[in-house]
file coords03.cif (mmCIF, C-alpha atoms and all ligand atoms)
data_entry
loop_
_atom_site.label_atom_id
_atom_site.label_comp_id
_atom_site.auth_asym_id
_atom_site.auth_seq_id
_atom_site.Cartn_x
_atom_site.Cartn_y
_atom_site.Cartn_z
CA MET A 227 96.68 125.79 108.04
CA LYS A 228 96.16 124.38 111.56
CA LEU A 229 98.88 125.08 114.08
CA VAL A 230 99.54 122.38 116.66
CA ARG A 231 100.04 124.20 119.94
CA SER A 232 101.32 121.29 122.02
CA ASN A 233 105.00 122.10 121.61
CA ASN A 234 107.36 124.42 119.83
CA PHE A 235 108.79 121.71 117.61
CA HIS A 236 105.39 121.17 116.03
CA ASN A 237 104.95 124.88 115.56
CA LEU A 238 108.26 125.09 113.76
CA PHE A 239 107.36 122.09 111.63
CA TYR A 240 104.04 123.59 110.52
CA PHE A 241 105.69 126.94 109.98
CA LEU A 242 108.11 125.27 107.57
CA ILE A 243 105.27 123.51 105.76
CA GLU A 244 103.46 126.78 105.42
CA GLN A 245 106.56 128.52 104.11
CA SER A 246 107.07 125.81 101.53
CA GLN A 247 103.44 126.13 100.43
CA ILE A 248 103.81 129.88 100.01
CA LEU A 249 107.03 129.30 98.14
CA TYR A 250 105.55 126.76 95.76
CA SER A 251 102.45 128.73 94.99
CA ALA A 252 104.67 131.75 94.39
CA VAL A 253 106.85 129.71 92.05
CA ALA A 254 103.76 128.32 90.34
CA GLN A 255 102.51 131.83 89.71
CA ASN A 256 105.97 132.93 88.52
CA ILE A 257 106.17 135.48 91.34
CA CYS A 258 109.58 134.29 92.42
CA THR A 259 112.22 131.76 91.48
CA ILE A 260 113.06 128.83 93.70
CA SER A 261 116.74 129.79 93.95
CA SER A 262 115.91 132.85 96.08
CA PHE A 263 114.84 130.59 98.98
CA PRO A 264 117.14 128.62 101.30
CA LEU A 265 117.45 125.00 100.21
CA HIS A 266 116.24 123.34 103.41
CA LEU A 267 112.74 124.76 102.94
CA HIS A 268 111.85 122.75 99.85
CA THR A 269 112.11 119.24 101.17
CA PHE A 270 108.51 118.46 100.31
CA MET A 271 107.27 118.47 96.74
CA GLN A 272 110.15 118.14 94.28
CA ALA A 273 109.93 119.43 90.71
CA ILE A 274 108.33 116.97 88.34
CA ASP A 275 111.45 116.87 86.10
CA LEU A 276 113.16 114.95 88.89
CA PHE A 277 110.55 112.23 88.50
CA PHE A 278 111.12 111.67 84.75
CA LYS A 279 113.88 109.06 85.16
CA GLN A 280 111.45 106.84 87.11
CA LEU A 281 109.47 106.43 83.89
CA ASN A 282 112.23 104.19 82.53
CA GLN A 283 111.51 101.25 84.86
CA PRO A 284 108.16 99.39 84.63
CA LYS A 285 106.00 100.43 87.58
CA LYS A 286 102.61 99.74 89.08
CA VAL A 287 100.83 103.04 88.63
CA ILE A 288 97.52 104.37 89.92
CA ILE A 289 96.02 107.50 88.41
CA THR A 290 93.30 109.31 90.31
CA THR A 291 91.45 112.60 90.12
CA HIS A 292 88.76 114.61 91.89
CA GLN A 293 85.30 113.27 92.70
CA LYS A 294 82.66 113.57 89.96
CA PRO A 295 85.40 113.93 87.33
CA ASP A 296 84.76 116.42 84.54
CA GLY A 297 86.25 116.52 81.03
CA ASP A 298 89.64 117.74 82.24
CA ALA A 299 89.85 115.30 85.15
CA MET A 300 88.91 112.28 83.05
CA GLY A 301 90.75 113.52 79.95
CA SER A 302 94.03 114.06 81.80
CA SER A 303 93.70 110.74 83.66
CA LEU A 304 93.06 108.75 80.49
CA GLY A 305 95.61 110.73 78.45
CA LEU A 306 98.26 109.89 81.05
CA TYR A 307 96.95 106.30 81.20
CA HIS A 308 97.47 105.76 77.46
CA PHE A 309 100.94 107.33 77.69
CA LEU A 310 102.12 105.20 80.62
CA VAL A 311 100.71 102.02 79.06
CA GLU A 312 102.65 102.91 75.90
CA LEU A 313 105.82 103.09 78.03
CA GLY A 314 105.14 99.61 79.41
CA HIS A 315 103.84 100.42 82.88
CA SER A 316 100.98 98.62 84.55
CA VAL A 317 98.36 101.34 85.00
CA GLN A 318 94.95 101.62 86.68
CA VAL A 319 92.72 104.70 86.75
CA ILE A 320 90.55 105.04 89.87
CA SER A 321 87.76 107.60 90.01
CA PRO A 322 86.63 108.49 93.55
CA THR A 323 82.98 108.46 92.40
CA ASN A 324 80.87 107.95 89.31
CA TRP A 325 81.04 110.39 86.40
CA ALA A 326 78.80 112.02 83.82
CA ASN A 327 77.48 109.83 80.99
CA PHE A 328 78.77 112.32 78.44
CA LEU A 329 82.31 111.04 79.14
CA ASP A 330 81.51 107.39 78.44
CA TRP A 331 82.71 107.45 74.83
CA MET A 332 86.30 108.24 75.84
CA PRO A 333 89.01 105.73 74.81
CA GLY A 334 90.04 103.71 77.87
CA ILE A 335 87.05 104.67 80.04
CA GLU A 336 85.92 101.03 80.23
CA GLN A 337 88.90 100.22 82.49
CA VAL A 338 88.32 103.10 84.95
CA ILE A 339 87.22 101.85 88.37
CA ASP A 340 84.65 103.76 90.44
CA TYR A 341 85.99 103.61 94.01
CA GLU A 342 82.53 103.70 95.58
CA MET A 343 81.53 100.55 93.65
CA ASN A 344 84.85 98.65 94.18
CA LYS A 345 86.29 99.68 97.52
CA GLU A 346 88.17 96.46 98.32
CA LYS A 347 89.76 96.18 94.90
CA CYS A 348 90.88 99.82 95.05
CA LYS A 349 92.39 99.29 98.51
CA GLN A 350 94.46 96.39 97.20
CA LEU A 351 95.53 98.28 94.10
CA ILE A 352 96.64 101.29 96.13
CA ALA A 353 98.44 99.10 98.67
CA SER A 354 100.53 97.47 95.94
CA ALA A 355 101.15 100.58 93.81
CA ASP A 356 104.59 102.13 93.26
CA VAL A 357 103.28 105.52 92.19
CA ILE A 358 99.99 107.42 92.47
CA PHE A 359 99.39 110.30 90.09
CA CYS A 360 96.93 112.89 91.40
CA LEU A 361 95.47 114.91 88.56
CA ASP A 362 93.29 118.04 88.41
CA PHE A 363 92.99 118.48 92.18
CA ASN A 364 95.47 119.57 94.84
CA THR A 365 93.92 118.87 98.23
CA LEU A 366 93.17 115.27 99.10
CA HIS A 367 89.66 116.00 100.37
CA ARG A 368 88.63 116.62 96.73
CA THR A 369 88.73 112.80 96.39
CA LYS A 370 85.93 112.43 98.95
CA ASN A 371 85.99 108.91 100.48
CA LEU A 372 89.25 108.03 98.75
CA GLU A 373 91.08 110.61 100.88
CA PRO A 374 92.20 108.31 103.76
CA LEU A 375 93.54 105.71 101.31
CA LEU A 376 95.61 108.34 99.49
CA GLU A 377 96.77 109.88 102.75
CA ASN A 378 98.00 106.55 104.11
CA ALA A 379 99.50 105.29 100.86
CA THR A 380 103.22 104.63 101.32
CA CYS A 381 104.17 104.91 97.63
CA THR A 382 105.32 107.95 95.67
CA ARG A 383 102.62 110.59 95.14
CA VAL A 384 102.88 112.83 92.08
CA LEU A 385 100.78 115.97 91.58
CA ILE A 386 99.85 117.51 88.22
CA ASP A 387 97.35 120.32 88.70
CA HIS A 388 96.39 123.91 87.91
CA HIS A 389 94.21 124.94 90.88
CA GLN A 390 95.11 127.56 93.49
CA GLN A 391 96.81 126.83 96.85
CA PRO A 392 98.11 123.26 96.50
CA GLN A 393 98.59 121.01 99.54
CA THR A 394 102.20 120.47 98.43
CA GLU A 395 103.29 118.69 101.61
CA MET A 396 101.21 115.70 100.49
CA PHE A 397 103.22 115.09 97.30
CA HIS A 398 106.75 113.86 96.62
CA PHE A 399 106.96 115.22 93.09
CA GLY A 400 104.73 117.52 91.18
CA VAL A 401 103.87 120.52 89.16
CA SER A 402 101.29 123.11 90.18
CA ASN A 403 100.70 125.98 87.77
CA THR A 404 97.57 128.12 87.98
CA LYS A 405 98.45 129.75 84.65
CA LYS A 406 97.85 126.52 82.75
CA SER A 407 94.56 126.17 80.87
CA SER A 408 93.95 122.63 82.00
CA THR A 409 95.50 119.57 83.57
CA CYS A 410 95.35 118.03 80.08
CA GLU A 411 97.78 120.70 78.87
CA MET A 412 100.06 119.84 81.81
CA VAL A 413 99.95 116.11 81.03
CA TYR A 414 100.85 116.99 77.45
CA ASP A 415 103.80 119.05 78.78
CA PHE A 416 104.76 116.08 80.97
CA ILE A 417 104.85 113.79 77.92
CA VAL A 418 106.85 116.27 75.83
CA ASP A 419 109.21 117.46 78.57
CA SER A 420 110.04 113.89 79.60
CA GLY A 421 111.28 113.32 76.04
CA HIS A 422 108.47 111.07 74.83
CA GLN A 423 106.65 113.30 72.34
CA SER A 424 107.08 110.56 69.70
CA THR A 425 104.75 108.27 71.69
CA LEU A 426 101.77 110.64 71.19
CA ASN A 427 98.97 108.68 69.54
CA ILE A 428 95.34 109.28 68.68
CA ASN A 429 94.05 107.92 72.01
CA MET A 430 96.23 110.30 74.02
CA ALA A 431 95.31 113.12 71.63
CA THR A 432 91.58 112.45 71.96
CA CYS A 433 91.65 112.37 75.76
CA LEU A 434 93.93 115.40 76.16
CA TYR A 435 91.93 117.48 73.67
CA THR A 436 88.76 116.77 75.65
CA GLY A 437 89.97 118.48 78.82
CA LEU A 438 91.68 121.24 76.90
CA MET A 439 88.38 122.00 75.18
CA THR A 440 86.16 121.79 78.27
CA ASP A 441 88.46 123.75 80.63
CA THR A 442 88.96 126.59 78.12
CA GLY A 443 85.24 126.88 77.33
CA SER A 444 86.04 125.67 73.80
CA PHE A 445 89.13 127.89 73.51
CA ARG A 446 87.58 131.18 74.60
CA PHE A 447 88.79 131.74 78.18
CA PRO A 448 91.87 133.96 78.77
CA SER A 449 93.86 130.83 79.72
CA THR A 450 93.83 129.83 76.03
CA THR A 451 97.44 130.73 75.23
CA ALA A 452 99.45 130.32 72.06
CA SER A 453 100.85 127.13 73.63
CA VAL A 454 97.32 125.73 73.86
CA HIS A 455 96.80 126.27 70.13
CA ARG A 456 100.26 124.83 69.37
CA MET A 457 99.35 121.78 71.42
CA VAL A 458 96.14 121.36 69.39
CA ALA A 459 98.16 121.65 66.17
CA ASN A 460 100.51 118.89 67.37
CA LEU A 461 97.54 116.70 68.35
CA LYS A 462 96.05 117.25 64.88
CA ASP A 463 99.37 116.06 63.44
CA VAL A 464 98.98 112.68 65.18
CA GLY A 465 95.48 112.25 63.76
CA LEU A 466 93.15 113.97 66.25
CA LEU A 467 89.54 114.20 65.04
CA HIS A 468 88.19 117.14 67.03
CA THR A 469 84.62 117.46 65.70
CA PRO A 470 83.36 114.14 67.16
CA ILE A 471 84.73 115.23 70.55
CA HIS A 472 82.65 118.44 70.51
CA ASP A 473 79.61 116.41 69.40
CA ASN A 474 80.16 113.75 72.10
CA ILE A 475 80.52 116.30 74.90
CA TYR A 476 78.10 119.07 73.96
CA ASP A 477 75.50 117.50 71.66
CA ASN A 478 74.85 114.26 73.46
CA PHE A 479 72.04 114.97 75.93
CA LEU A 480 68.46 113.77 76.16
CA GLU A 481 65.33 115.84 75.71
CA ASN A 482 64.73 116.04 79.47
CA ARG A 483 67.87 118.09 80.02
CA LEU A 484 66.85 120.78 77.54
CA ARG A 485 63.36 120.98 79.07
CA PHE A 486 64.94 121.22 82.52
CA ILE A 487 67.16 124.10 81.37
CA GLY A 488 64.12 125.88 79.96
CA PHE A 489 62.34 125.41 83.26
CA VAL A 490 65.13 126.69 85.50
CA LEU A 491 65.93 129.66 83.24
CA ASN A 492 62.28 130.64 83.45
CA ASN A 493 61.57 129.88 87.09
CA ARG A 494 64.81 129.69 89.09
CA MET A 495 66.88 132.64 87.88
CA GLU A 496 67.29 136.08 89.35
CA VAL A 497 69.29 138.96 87.94
CA LEU A 498 70.67 141.37 90.52
CA TYR A 499 71.51 144.30 88.24
CA GLN A 500 72.83 146.44 91.10
CA TYR A 501 75.65 143.91 91.53
CA ASN A 502 75.96 142.79 87.87
CA THR A 503 75.20 139.34 89.21
CA ALA A 504 72.92 136.56 88.09
CA ILE A 505 71.94 133.67 90.31
CA MET A 506 70.16 130.38 89.79
CA TYR A 507 68.93 127.90 92.42
CA VAL A 508 67.77 124.37 91.79
CA TYR A 509 65.71 122.39 94.28
CA LYS A 510 65.84 118.65 94.78
CA ASN A 511 62.30 118.42 93.39
CA ASP A 512 63.34 120.13 90.16
CA LEU A 513 66.05 117.49 89.67
CA LEU A 514 63.59 114.68 90.36
CA LYS A 515 60.82 116.11 88.18
CA PHE A 516 63.09 116.23 85.10
CA ASN A 517 65.05 113.05 85.95
CA ILE A 518 68.32 115.01 86.06
CA LYS A 519 71.52 112.92 86.41
CA THR A 520 75.19 113.63 87.20
CA GLY A 521 76.53 115.85 84.45
CA ASP A 522 73.19 117.22 83.28
CA THR A 523 73.71 120.43 85.26
CA GLU A 524 77.28 120.90 83.96
CA GLY A 525 77.66 124.24 82.20
CA LEU A 526 74.31 125.58 83.40
CA VAL A 527 76.03 128.44 85.23
CA ASN A 528 77.50 129.67 81.94
CA TYR A 529 74.04 130.64 80.64
CA LEU A 530 73.96 133.34 83.30
CA LEU A 531 77.16 134.89 81.96
CA THR A 532 75.56 135.35 78.55
CA ILE A 533 73.46 138.21 79.93
CA GLN A 534 74.92 141.57 78.92
CA GLY A 535 76.96 143.19 81.71
CA ILE A 536 76.96 140.22 84.09
CA LYS A 537 80.26 139.89 85.97
CA LEU A 538 79.35 137.26 88.53
CA ALA A 539 77.24 134.17 87.98
CA ALA A 540 76.30 131.76 90.73
CA ILE A 541 74.26 128.59 90.82
CA VAL A 542 73.37 126.44 93.78
CA ILE A 543 72.09 122.90 93.40
CA ASP A 544 70.40 120.88 96.11
CA ARG A 545 72.41 117.66 96.31
CA ASP A 546 71.65 114.86 98.74
CA GLU A 547 74.24 115.63 101.38
CA GLU A 548 74.85 119.35 100.71
CA ARG A 549 74.09 122.39 98.59
CA LYS A 550 76.72 122.69 95.84
CA TRP A 551 77.68 126.14 94.56
CA SER A 552 79.35 127.01 91.27
CA PHE A 553 80.72 130.50 90.72
CA ARG A 554 81.87 132.06 87.46
CA SER A 555 83.11 135.57 86.82
CA LYS A 556 84.29 137.75 84.01
CA GLY A 557 87.21 140.16 84.41
CA ASN A 558 88.65 141.10 87.76
CA PHE A 559 86.28 139.51 90.23
CA ASP A 560 88.14 136.68 92.04
CA VAL A 561 85.68 133.86 92.70
CA ASN A 562 88.40 131.61 94.12
CA THR A 563 88.81 133.97 97.10
CA PHE A 564 85.07 134.62 97.29
CA ALA A 565 84.32 130.87 97.47
CA ARG A 566 87.07 130.26 100.02
CA LEU A 567 85.94 133.07 102.29
CA HIS A 568 82.20 132.49 102.22
CA PHE A 569 81.28 129.05 100.84
CA GLU A 570 83.95 126.53 101.93
CA GLY A 571 85.24 126.23 98.40
CA GLY A 572 87.77 127.53 95.90
CA GLY A 573 89.20 126.77 92.48
CA HIS A 574 90.32 129.26 89.88
CA PHE A 575 90.21 133.05 89.63
CA ASN A 576 87.20 133.05 87.26
CA ALA A 577 85.68 129.65 88.11
CA ALA A 578 85.23 128.10 91.52
CA GLY A 579 82.99 125.81 93.52
CA GLY A 580 81.62 125.90 97.05
CA ARG A 581 79.22 124.20 99.40
CA SER A 582 76.78 124.76 102.24
CA ASP A 583 74.98 122.64 104.82
CA GLU A 584 72.05 125.09 104.84
CA GLY A 585 68.92 124.68 102.75
CA VAL A 586 68.66 126.22 99.29
CA ASP A 587 66.70 129.30 100.38
CA ALA A 588 68.97 129.99 103.37
CA THR A 589 72.20 129.70 101.41
CA VAL A 590 70.76 131.90 98.61
CA GLN A 591 69.91 134.53 101.23
CA LYS A 592 73.46 134.31 102.55
CA PHE A 593 74.80 134.80 99.02
CA LYS A 594 72.63 137.88 98.45
CA LYS A 595 73.74 139.37 101.74
CA THR A 596 77.40 138.55 101.08
CA ILE A 597 77.62 140.21 97.66
CA GLN A 598 76.52 143.52 99.16
CA GLN A 599 80.07 144.01 100.43
CA TYR A 600 81.43 143.43 96.90
CA GLU A 601 79.20 146.01 95.18
CA SER A 602 82.06 148.29 94.15
CA GLN A 603 84.23 145.40 92.89
CA LEU A 604 81.35 144.21 90.74
CA GLN A 605 80.95 147.51 88.85
MN MN B 701 90.97 121.31 85.28
#
call {"tool": "encode", "arguments": {"input": "coords03.cif", "output": "structure tokens"}}
result
Amino acid sequence: MKLVRSNNFHNLFYFLIEQSQILYSAVAQNICTISSFPLHLHTFMQAIDLFFKQLNQPKKVIITTHQKPDGDAMGSSLGLYHFLVELGHSVQVISPTNWANFLDWMPGIEQVIDYEMNKEKCKQLIASADVIFCLDFNTLHRTKNLEPLLENATCTRVLIDHHQQPQTEMFHFGVSNTKKSSTCEMVYDFIVDSGHQSTLNINMATCLYTGLMTDTGSFRFPSTTASVHRMVANLKDVGLLHTPIHDNIYDNFLENRLRFIGFVLNNRMEVLYQYNTAIMYVYKNDLLKFNIKTGDTEGLVNYLLTIQGIKLAAIVIDRDEERKWSFRSKGNFDVNTFARLHFEGGGHFNAAGGRSDEGVDATVQKFKKTIQQYESQLQ
């Protein structure tokens, strides 16, 4: 949080914003209840329940999500899309960038606009929108080049997200809950809590199941609560066919991806047993050699966690403009904090991303040096 030093009024203003952020993340993590804070502090993001009545009037709605949307980002966006269309709203999903091919089977994906390919159209749509839903991200910079448009939008902004440390001052209404398995689960809650459970149909079910499945590692992560399984049961009741979704997401790659994985496991992996850590690094040339596209490297980091005893897994990939890190952990090692402190990133306790402007070898060296201070936490 930047403090503006020019005058005391600004300092007070930013202090209040900061207090409200602390308050909301505390509420989100069930550390405290909102009633224990003075009322004037929560003038920023109002609880999402207060937004429900706005669903009763037809509105022009934009739904957006983070750049390079994954299963949860696209699943929650399209799940909400089908719901709002069902209620009679005029709805447009805008993705800040392109997305992985393995999402292209999803119902409704044909109407999603890629901002980078349709900048003017997106500008007009945002300028005339009544409401923008922001799903599966909580700081506007996660939308890359879409950020200034969202920041300057004069309409109502609504947040639905489960990442740590939300930028709550940017949203009028919202829900931020790091305990939730996925944004898809939160969109499902939104549908049910707003009293519209009877509108659930197979398209909503298909989209919402997708993110639920991908963000829980197919229902194995600790975030897979009883409510998650109850949600799946309710989706089954409206006709969900889950097997084709698993096939479409996980068994839908080309030969080159499997050969690439074989190559990097063999040649680009190091196991640092002293730190119960495994690391993988992928050079630009590796991506080119195997013709690797957006989405082909998704899930690669999880292979590292299959090694007995590994508590921290890290992969860095040489992208055009930066080196992109993914961190995964098992148990008590907090990769959200680790990524925030050392690699300009963040995310969840056991799964986070980061970045670096350095080359692959330099940033790998930095990683190896950095984990030395975490040796005891990694035992
Ligand atoms: Mn998510």
call {"tool": "closest_residue", "arguments": {"input": "coords03.cif", "among": "A:Leu438, A:Ala504, A:Leu480, A:Val464", "to": "Ser424 (chain A)", "atoms": "all atoms listed in the file"}}
result
A:Val464
call {"tool": "residues_around", "arguments": {"input": "coords03.cif", "residues": "Leu513 (chain A)", "least_positions_apart": "6", "cutoff": "12 Å", "atoms": "only C-alpha atoms", "output": "NGL selection string"}}
result
:A and (482-483 or 485-487 or 489-490 or 507 or 519-523 or 543-546)
call {"tool": "residues_near_ligand", "arguments": {"input": "coords03.cif", "ligand": "ligand MN 701 (chain B)", "cutoff": "7 Å", "atoms": "all atoms listed in the file", "output": "short mmCIF file (atom, residue, chain, number, x, y, z; two decimals) with C-alpha atoms, in the frame of the given file"}}
result
data_model
loop_
_atom_site.label_atom_id
_atom_site.label_comp_id
_atom_site.auth_asym_id
_atom_site.auth_seq_id
_atom_site.Cartn_x
_atom_site.Cartn_y
_atom_site.Cartn_z
CA ASP A 298 89.64 117.74 82.24
CA ALA A 299 89.85 115.30 85.15
CA ASP A 362 93.29 118.04 88.41
CA HIS A 388 96.39 123.91 87.91
CA SER A 408 93.95 122.63 82.00
CA THR A 409 95.50 119.57 83.57
CA ASP A 441 88.46 123.75 80.63
#
call {"tool": "closest_residue", "arguments": {"input": "coords03.cif", "among": "A:Gln280, A:Asn327, A:Gln337, A:Asn562", "to": "Val384 (chain A)", "atoms": "all atoms listed in the file"}}
result
A:Gln280
call {"tool": "axis_aligned_box", "arguments": {"input": "coords03.cif", "around": "region 412-431 of chain A", "padding_each_side": "4 Å", "output": "JSON"}}
result
{"center_x": 102.7, "center_y": 113.9, "center_z": 75.2, "size_x": 25.2, "size_y": 19.9, "size_z": 21.1}
call {"tool": "closest_residue", "arguments": {"input": "coords03.cif", "among": "A:Val508, A:Asn517, A:Ser402, A:Phe564", "to": "Val590 (chain A)", "atoms": "all atoms listed in the file"}}
result
A:Val508
